[in-house]
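Undergrad: Below is the file structure34.csv, with CSV, C-alpha atoms and all ligand atoms.
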chain,number,residue,atom,x,y,z
A,1,MET,CA,2.0,-34.7,73.1
A,2,GLU,CA,1.6,-32.7,76.2
A,3,ALA,CA,0.6,-29.1,75.6
A,4,ILE,CA,-0.2,-27.8,79.1
A,5,LYS,CA,0.2,-29.2,82.6
A,6,LEU,CA,-1.3,-27.6,85.6
A,7,GLU,CA,0.1,-28.7,88.9
A,8,ASN,CA,-1.7,-27.8,92.1
A,9,VAL,CA,-2.7,-24.4,90.7
A,10,LYS,CA,-4.4,-22.0,93.1
A,11,LYS,CA,-5.6,-18.4,92.5
A,12,ASN,CA,-7.4,-16.3,95.1
A,13,TYR,CA,-9.1,-13.0,95.0
A,14,GLN,CA,-8.8,-11.0,98.2
A,15,THR,CA,-11.8,-8.7,98.6
A,16,LYS,CA,-12.4,-6.4,101.6
A,17,ASP,CA,-14.1,-9.1,103.7
A,18,GLU,CA,-13.3,-12.4,102.1
A,19,CYS,CA,-10.8,-14.5,100.2
A,20,ILE,CA,-12.3,-16.2,97.2
A,21,HIS,CA,-10.6,-19.4,96.1
A,22,ALA,CA,-11.3,-18.9,92.4
A,23,ILE,CA,-9.0,-21.8,91.5
A,24,ASP,CA,-8.6,-24.2,94.3
A,25,ASP,CA,-5.8,-26.8,93.7
A,26,ILE,CA,-6.3,-27.9,90.1
A,27,THR,CA,-4.0,-30.5,88.6
A,28,TYR,CA,-4.7,-31.4,85.0
A,29,THR,CA,-2.9,-32.2,81.7
A,30,PHE,CA,-4.0,-31.0,78.3
A,31,GLN,CA,-2.7,-32.8,75.1
A,32,TYR,CA,-2.2,-31.5,71.6
A,33,GLY,CA,-4.8,-32.7,69.1
A,34,LYS,CA,-7.6,-32.6,71.5
A,35,PHE,CA,-10.7,-30.4,72.1
A,36,TYR,CA,-11.4,-29.8,75.8
A,37,ALA,CA,-14.5,-28.2,77.3
A,38,ILE,CA,-14.5,-26.6,80.7
A,39,MET,CA,-18.0,-26.5,82.2
A,40,GLY,CA,-19.4,-25.2,85.4
A,41,HIS,CA,-21.9,-22.8,86.8
A,42,SER,CA,-21.3,-19.0,86.7
A,43,GLY,CA,-18.7,-18.1,89.3
A,44,SER,CA,-17.1,-21.6,89.4
A,45,GLY,CA,-13.8,-20.2,88.2
A,46,LYS,CA,-13.8,-21.1,84.5
A,47,SER,CA,-12.7,-17.6,83.2
A,48,THR,CA,-10.0,-17.3,85.9
A,49,LEU,CA,-8.7,-20.7,85.0
A,50,ILE,CA,-8.5,-20.1,81.2
A,51,GLN,CA,-7.0,-16.6,81.8
A,52,CYS,CA,-4.3,-18.1,84.0
A,53,ILE,CA,-3.6,-20.8,81.4
A,54,GLY,CA,-3.4,-18.1,78.7
A,55,LEU,CA,-1.0,-16.0,80.8
A,56,LEU,CA,-3.5,-13.1,81.0
A,57,ASP,CA,-3.5,-13.5,84.8
A,58,ILE,CA,-1.0,-14.9,87.4
A,59,ILE,CA,-1.5,-17.7,89.8
A,60,ASP,CA,-0.8,-17.6,93.5
A,61,SER,CA,0.7,-21.0,93.9
A,62,GLY,CA,1.3,-24.2,91.9
A,63,LYS,CA,2.9,-24.6,88.5
A,64,ILE,CA,1.9,-24.2,84.9
A,65,PHE,CA,4.0,-26.0,82.3
A,66,ILE,CA,3.7,-25.3,78.6
A,67,GLU,CA,5.3,-27.9,76.4
A,68,GLY,CA,7.2,-29.0,79.5
A,69,GLU,CA,8.5,-25.6,80.4
A,70,ASN,CA,7.6,-24.2,83.8
A,71,ILE,CA,6.2,-20.8,82.8
A,72,THR,CA,5.4,-19.7,86.4
A,73,THR,CA,8.9,-18.6,87.1
A,74,LEU,CA,9.5,-16.8,83.8
A,75,SER,CA,9.9,-13.0,83.5
A,76,ALA,CA,7.1,-10.9,82.2
A,77,LYS,CA,9.0,-10.5,78.9
A,78,GLU,CA,9.5,-14.3,78.5
A,79,LYS,CA,5.8,-14.9,79.3
A,80,ASN,CA,4.8,-12.4,76.7
A,81,LYS,CA,6.9,-14.1,74.1
A,82,ILE,CA,5.1,-17.4,74.8
A,83,LYS,CA,1.7,-15.7,74.9
A,84,ASN,CA,2.3,-14.2,71.4
A,85,GLU,CA,3.8,-17.2,69.8
A,86,LYS,CA,2.0,-20.1,71.3
A,87,ILE,CA,-1.4,-19.0,72.5
A,88,GLY,CA,-4.5,-17.7,70.7
A,89,PHE,CA,-7.4,-16.3,72.8
A,90,VAL,CA,-11.0,-15.9,71.8
A,91,PHE,CA,-13.5,-14.0,74.0
A,92,GLN,CA,-17.2,-14.0,74.3
A,93,ASN,CA,-17.5,-10.4,73.3
A,94,TYR,CA,-15.0,-10.7,70.3
A,95,TYR,CA,-13.0,-7.7,71.4
A,96,LEU,CA,-12.4,-6.5,67.9
A,97,ASN,CA,-11.0,-3.1,67.2
A,98,ASN,CA,-14.0,-1.2,65.8
A,99,THR,CA,-12.0,1.3,63.9
A,100,MET,CA,-10.2,-1.3,61.9
A,101,ARG,CA,-11.3,-3.5,59.1
A,102,ALA,CA,-11.6,-7.3,59.5
A,103,TYR,CA,-8.2,-8.0,57.9
A,104,GLU,CA,-6.5,-5.2,59.9
A,105,ASN,CA,-7.9,-6.8,63.1
A,106,VAL,CA,-6.4,-10.1,62.0
A,107,MET,CA,-3.1,-8.5,61.2
A,108,LEU,CA,-2.7,-6.9,64.6
A,109,PRO,CA,-1.0,-9.8,66.5
A,110,MET,CA,1.5,-10.2,63.6
A,111,PHE,CA,3.0,-6.8,64.5
A,112,ILE,CA,4.3,-8.1,67.8
A,113,ASN,CA,5.9,-11.0,66.0
A,114,LYS,CA,9.1,-10.8,63.9
A,115,LYS,CA,8.0,-14.0,62.1
A,116,PHE,CA,6.1,-12.3,59.2
A,117,LYS,CA,7.4,-9.8,56.7
A,118,SER,CA,5.4,-6.7,56.5
A,119,THR,CA,4.4,-7.4,52.9
A,120,ASP,CA,3.1,-10.8,53.9
A,121,LYS,CA,0.9,-9.7,56.7
A,122,LYS,CA,-2.1,-8.6,54.7
A,123,ALA,CA,-2.1,-11.6,52.5
A,124,ARG,CA,-1.8,-13.9,55.5
A,125,ALA,CA,-4.7,-12.1,57.2
A,126,ILE,CA,-6.9,-12.5,54.2
A,127,GLU,CA,-5.9,-16.2,53.9
A,128,LEU,CA,-6.9,-16.7,57.6
A,129,LEU,CA,-10.2,-15.0,57.0
A,130,LYS,CA,-10.7,-17.4,54.1
A,131,SER,CA,-10.1,-20.3,56.4
A,132,VAL,CA,-13.1,-19.1,58.5
A,133,ASP,CA,-15.2,-18.6,55.4
A,134,LEU,CA,-15.0,-14.8,55.4
A,135,GLU,CA,-12.9,-13.9,52.4
A,136,ASN,CA,-15.8,-11.8,51.0
A,137,ARG,CA,-16.0,-9.8,54.3
A,138,TYR,CA,-12.3,-9.0,54.7
A,139,ASN,CA,-12.7,-5.3,54.1
A,140,HIS,CA,-15.7,-4.8,56.4
A,141,PHE,CA,-15.6,-3.0,59.8
A,142,PRO,CA,-16.8,-5.0,62.8
A,143,LYS,CA,-20.1,-3.1,63.0
A,144,GLU,CA,-20.8,-4.2,59.4
A,145,LEU,CA,-20.6,-7.8,60.4
A,146,SER,CA,-23.0,-10.2,62.3
A,147,GLY,CA,-22.1,-11.6,65.7
A,148,GLY,CA,-21.1,-14.9,64.2
A,149,GLU,CA,-19.0,-13.2,61.6
A,150,GLN,CA,-17.3,-11.0,64.2
A,151,GLN,CA,-16.4,-14.1,66.2
A,152,ARG,CA,-14.9,-15.7,63.1
A,153,VAL,CA,-12.8,-12.6,62.6
A,154,ALA,CA,-11.7,-13.0,66.2
A,155,ILE,CA,-10.8,-16.7,65.6
A,156,ALA,CA,-8.8,-15.7,62.5
A,157,ARG,CA,-7.0,-13.1,64.7
A,158,ALA,CA,-6.3,-15.7,67.3
A,159,LEU,CA,-4.7,-17.8,64.6
A,160,ALA,CA,-2.5,-14.9,63.3
A,161,ASN,CA,0.7,-16.1,64.8
A,162,ASN,CA,-0.1,-19.8,64.2
A,163,PRO,CA,-0.4,-20.7,67.9
A,164,SER,CA,-0.4,-24.3,69.0
A,165,ILE,CA,-2.9,-23.6,71.8
A,166,ILE,CA,-6.3,-22.0,71.3
A,167,LEU,CA,-8.2,-20.8,74.4
A,168,ALA,CA,-11.8,-19.7,74.1
A,169,ASP,CA,-14.0,-18.3,76.9
A,170,GLU,CA,-17.7,-18.8,76.1
A,171,PRO,CA,-17.0,-18.1,72.4
A,172,THR,CA,-20.6,-18.8,71.4
A,173,GLY,CA,-22.2,-17.2,74.4
A,174,ASN,CA,-23.7,-14.4,72.3
A,175,LEU,CA,-24.6,-16.4,69.3
A,176,ASP,CA,-27.6,-18.3,68.0
A,177,GLU,CA,-27.5,-22.0,67.4
A,178,LYS,CA,-26.5,-21.9,63.7
A,179,ASN,CA,-23.6,-19.6,64.4
A,180,GLU,CA,-22.7,-21.6,67.4
A,181,THR,CA,-22.4,-24.7,65.3
A,182,GLY,CA,-20.2,-22.8,62.8
A,183,ILE,CA,-17.8,-21.6,65.5
A,184,LEU,CA,-17.6,-25.0,67.3
A,185,ASN,CA,-16.9,-26.8,64.0
A,186,ILE,CA,-14.0,-24.4,63.3
A,187,LEU,CA,-12.6,-25.0,66.7
A,188,LYS,CA,-13.0,-28.7,66.4
A,189,GLU,CA,-11.1,-28.7,63.1
A,190,LEU,CA,-8.2,-26.8,64.7
A,191,ALA,CA,-8.0,-29.6,67.3
A,192,GLU,CA,-8.0,-32.2,64.6
A,193,GLU,CA,-5.2,-30.4,62.9
A,194,GLY,CA,-3.2,-30.9,66.1
A,195,LYS,CA,-3.7,-27.8,68.2
A,196,CYS,CA,-4.8,-28.0,71.8
A,197,VAL,CA,-8.2,-26.3,72.0
A,198,ILE,CA,-9.8,-25.5,75.3
A,199,VAL,CA,-13.3,-24.0,75.3
A,200,VAL,CA,-15.2,-22.7,78.3
A,201,SER,CA,-18.9,-23.3,77.9
A,202,HIS,CA,-22.1,-23.8,79.9
A,203,ASN,CA,-24.0,-25.2,77.0
A,204,ASN,CA,-24.5,-28.9,76.6
A,205,THR,CA,-24.0,-28.7,72.8
A,206,ILE,CA,-20.3,-28.8,73.6
A,207,TYR,CA,-20.6,-32.5,74.4
A,208,ASN,CA,-20.9,-33.2,70.7
A,209,TYR,CA,-17.5,-31.7,70.1
A,210,ALA,CA,-15.3,-32.2,73.1
A,211,ASP,CA,-12.9,-35.1,73.5
A,212,GLU,CA,-12.8,-34.3,77.3
A,213,VAL,CA,-15.3,-32.4,79.4
A,214,ILE,CA,-13.9,-31.0,82.7
A,215,HIS,CA,-16.5,-29.9,85.2
A,216,ILE,CA,-15.4,-27.4,87.8
A,217,ARG,CA,-17.2,-26.2,90.9
A,218,TYR,CA,-15.9,-23.7,93.5
A,219,GLY,CA,-12.6,-23.7,91.7
A,220,LYS,CA,-12.1,-27.5,91.8
A,221,VAL,CA,-12.3,-30.1,89.2
A,222,VAL,CA,-15.2,-32.2,90.3
A,223,SER,CA,-15.4,-34.7,87.4
A,224,THR,CA,-14.3,-35.3,83.9
A,225,ASP,CA,-15.9,-37.1,81.0
A,226,ASN,CA,-13.5,-38.7,78.5
A,227,GLU,CA,-15.3,-39.1,75.2
A,228,SER,CA,-12.6,-40.8,73.3
A,301,LIG,N1,-11.2,-9.5,89.8
A,301,LIG,C1,-11.9,-10.2,90.7
A,301,LIG,N2,-11.9,-9.8,92.0
A,301,LIG,C2,-12.6,-10.5,93.0
A,301,LIG,N3,-13.3,-11.6,92.7
A,301,LIG,C3,-13.3,-12.1,91.5
A,301,LIG,C4,-12.6,-11.4,90.4
A,301,LIG,N4,-12.7,-12.1,89.3
A,301,LIG,C5,-13.5,-13.2,89.6
A,301,LIG,N5,-13.8,-13.2,90.9
A,301,LIG,C6,-14.6,-14.2,91.6
A,301,LIG,O1,-14.0,-15.4,91.4
A,301,LIG,C7,-14.9,-16.5,91.2
A,301,LIG,C8,-14.7,-17.1,89.8
A,301,LIG,O2,-14.9,-16.2,88.8
A,301,LIG,P1,-14.9,-16.5,87.3
A,301,LIG,O3,-13.6,-17.2,87.0
A,301,LIG,O4,-15.2,-15.3,86.5
A,301,LIG,O5,-16.0,-17.6,87.1
A,301,LIG,P2,-16.8,-18.1,85.8
A,301,LIG,O6,-16.0,-17.7,84.6
A,301,LIG,O7,-16.9,-19.6,86.0
A,301,LIG,O8,-18.2,-17.5,85.9
A,301,LIG,C9,-16.3,-15.8,91.3
A,301,LIG,O9,-16.7,-16.0,92.7
A,301,LIG,C10,-16.0,-14.4,91.1
A,301,LIG,O10,-16.9,-13.5,91.7
A,302,MG,MG,-16.6,-16.6,83.0
Would you write out, as structure tokens, the structure that this file holds?
TA:
Amino acid sequence: MEAIKLENVKKNYQTKDECIHAIDDITYTFQYGKFYAIMGHSGSGKSTLIQCIGLLDIIDSGKIFIEGENITTLSAKEKNKIKNEKIGFVFQNYYLNNTMRAYENVMLPMFINKKFKSTDKKARAIELLKSVDLENRYNHFPKELSGGEQQRVAIARALANNPSIILADEPTGNLDEKNETGILNILKELAEEGKCVIVVSHNNTIYNYADEVIHIRYGKVVSTDNES
């Protein structure tokens, strides 16, 4: 089933003396139950693309459909609803709240969502931490956790509202090989469970996980490798 469709998407950054075509006419369809890797050199537009898909940024032209709905024309409020309910985002630098314990970080997105009763939130957070093998670290603060553990907390947080789409921008960029494998295995499992998982990477290890690898250069899709 179709999760996301990009149709002639363009995004420019206007600086004082030039217009950068960060996304330059990308058309692509992402399905549920698949793991996608977006690869390309630094500056090729990977982060811009995944942020636009994740409604963290707006496009200049073209259309983005999520489950067939054109989200480009929605109001900010409607976009926020989709962002909170359907999309989980994982960043290279984890972006955990350092003053909150692991389970409190995971609970955070549940507060913007009416789906969970307040009494259920903590139990659900601990359950999610268990799913990323961190049940014995649920009470730790981020600074008491390793990089790999912090990223697993961030993944649990991304899963808080049970999104169907997981977007990750270089999630293993700061991790060693062992932790990288752990994170990529978790993301792969999420795709196998039926979610649409899109991971930005510039490490070839991703080939062992991805169903499709999308290479981008100067904001354009230059090639795709379909592994399945
Ligand atoms: N806020 C911004 N203002 C101006 N230019 C930007 C901004 N963000 C990104 N860019 C430029 O857009 C291009 C794509 O950036 P980015 O999407 O971050 O690439 P990648 O993630 O592949 O390294 C780069 O040339 C970058 O310098
Ligand atoms: Mg980037």
Undergrad: Which residues, written as JSON, numbers by chain, have at least one atom at most 10 Å from Ser42 of chain A, with all atoms listed in the file counted and residues fewer than 4 positions away on the same chain left out?
TA: {"A": [46, 47, 202, 217, 218]}
Undergrad: Select, from A:Arg157, A:Lys122, A:Lys16, A:Lys81, the residue with the minimum atom-to-atom distance to Val106 of chain A, counting only C-alpha atoms.
TA: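 Of A:Arg157, A:Lys122, A:Lys16, A:Lys81, the one nearest Val106 of chain A, counting only C-alpha atoms, is A:Arg157.
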Undergrad: Which neighbours of Lys63 of chain A fall inside 8 Å, counting all atoms listed in the file, when residues of the same chain fewer than 3 positions from it are skipped, and could you give them as a PyMOL selection string?
TA: chain A and resi 5-9+70-72
Undergrad: Every residue with an atom at most 12 Å from (-14.7, -15.1, 57.0) (file coordinates; all atoms listed in the file) is what I'm after, so could you write them as a PDB file with C-alpha atoms, in the frame of the given file?
TA:
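Result file is point-v2.pdb:
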ATOM      1  CA  ALA A 102     -11.600  -7.300  59.500  1.00  0.00           C
ATOM      2  CA  TYR A 103      -8.200  -8.000  57.900  1.00  0.00           C
ATOM      3  CA  VAL A 106      -6.400 -10.100  62.000  1.00  0.00           C
ATOM      4  CA  ALA A 125      -4.700 -12.100  57.200  1.00  0.00           C
ATOM      5  CA  ILE A 126      -6.900 -12.500  54.200  1.00  0.00           C
ATOM      6  CA  GLU A 127      -5.900 -16.200  53.900  1.00  0.00           C
ATOM      7  CA  LEU A 128      -6.900 -16.700  57.600  1.00  0.00           C
ATOM      8  CA  LEU A 129     -10.200 -15.000  57.000  1.00  0.00           C
ATOM      9  CA  LYS A 130     -10.700 -17.400  54.100  1.00  0.00           C
ATOM     10  CA  SER A 131     -10.100 -20.300  56.400  1.00  0.00           C
ATOM     11  CA  VAL A 132     -13.100 -19.100  58.500  1.00  0.00           C
ATOM     12  CA  ASP A 133     -15.200 -18.600  55.400  1.00  0.00           C
ATOM     13  CA  LEU A 134     -15.000 -14.800  55.400  1.00  0.00           C
ATOM     14  CA  GLU A 135     -12.900 -13.900  52.400  1.00  0.00           C
ATOM     15  CA  ASN A 136     -15.800 -11.800  51.000  1.00  0.00           C
ATOM     16  CA  ARG A 137     -16.000  -9.800  54.300  1.00  0.00           C
ATOM     17  CA  TYR A 138     -12.300  -9.000  54.700  1.00  0.00           C
ATOM     18  CA  ASN A 139     -12.700  -5.300  54.100  1.00  0.00           C
ATOM     19  CA  HIS A 140     -15.700  -4.800  56.400  1.00  0.00           C
ATOM     20  CA  PRO A 142     -16.800  -5.000  62.800  1.00  0.00           C
ATOM     21  CA  LEU A 145     -20.600  -7.800  60.400  1.00  0.00           C
ATOM     22  CA  SER A 146     -23.000 -10.200  62.300  1.00  0.00           C
ATOM     23  CA  GLY A 147     -22.100 -11.600  65.700  1.00  0.00           C
ATOM     24  CA  GLY A 148     -21.100 -14.900  64.200  1.00  0.00           C
ATOM     25  CA  GLU A 149     -19.000 -13.200  61.600  1.00  0.00           C
ATOM     26  CA  GLN A 150     -17.300 -11.000  64.200  1.00  0.00           C
ATOM     27  CA  GLN A 151     -16.400 -14.100  66.200  1.00  0.00           C
ATOM     28  CA  ARG A 152     -14.900 -15.700  63.100  1.00  0.00           C
ATOM     29  CA  VAL A 153     -12.800 -12.600  62.600  1.00  0.00           C
ATOM     30  CA  ALA A 154     -11.700 -13.000  66.200  1.00  0.00           C
ATOM     31  CA  ILE A 155     -10.800 -16.700  65.600  1.00  0.00           C
ATOM     32  CA  ALA A 156      -8.800 -15.700  62.500  1.00  0.00           C
ATOM     33  CA  ARG A 157      -7.000 -13.100  64.700  1.00  0.00           C
ATOM     34  CA  GLY A 182     -20.200 -22.800  62.800  1.00  0.00           C
ATOM     35  CA  ILE A 183     -17.800 -21.600  65.500  1.00  0.00           C
ATOM     36  CA  ILE A 186     -14.000 -24.400  63.300  1.00  0.00           C
TER      37      ILE A 186
END
Undergrad: Quick one: of A:Ala210, A:Met110, A:Ala37, A:Ala76, who's nearest to Gly88 of chain A, counting only C-alpha atoms?
TA: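 Ranking A:Ala210, A:Met110, A:Ala37, A:Ala76 by distance to Gly88 of chain A, first place goes to A:Met110.
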Undergrad: Give the residues close to ligand MG 302 (chain A), within 10 Å, counting only C-alpha atoms and all ligand atoms; write them as a PyMOL selection string.
TA: chain A and resi 40-51+91-92+169-170+200-202
Undergrad: Which residue gives the smallest distance to ligand LIG 301 (chain A) among A:Asn113, A:Thr15, A:Asn185, A:Asn208, with all atoms listed in the file counted?
TA: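 Checking each of A:Asn113, A:Thr15, A:Asn185, A:Asn208 against ligand LIG 301 (chain A), counting all atoms listed in the file, the winner is A:Thr15.
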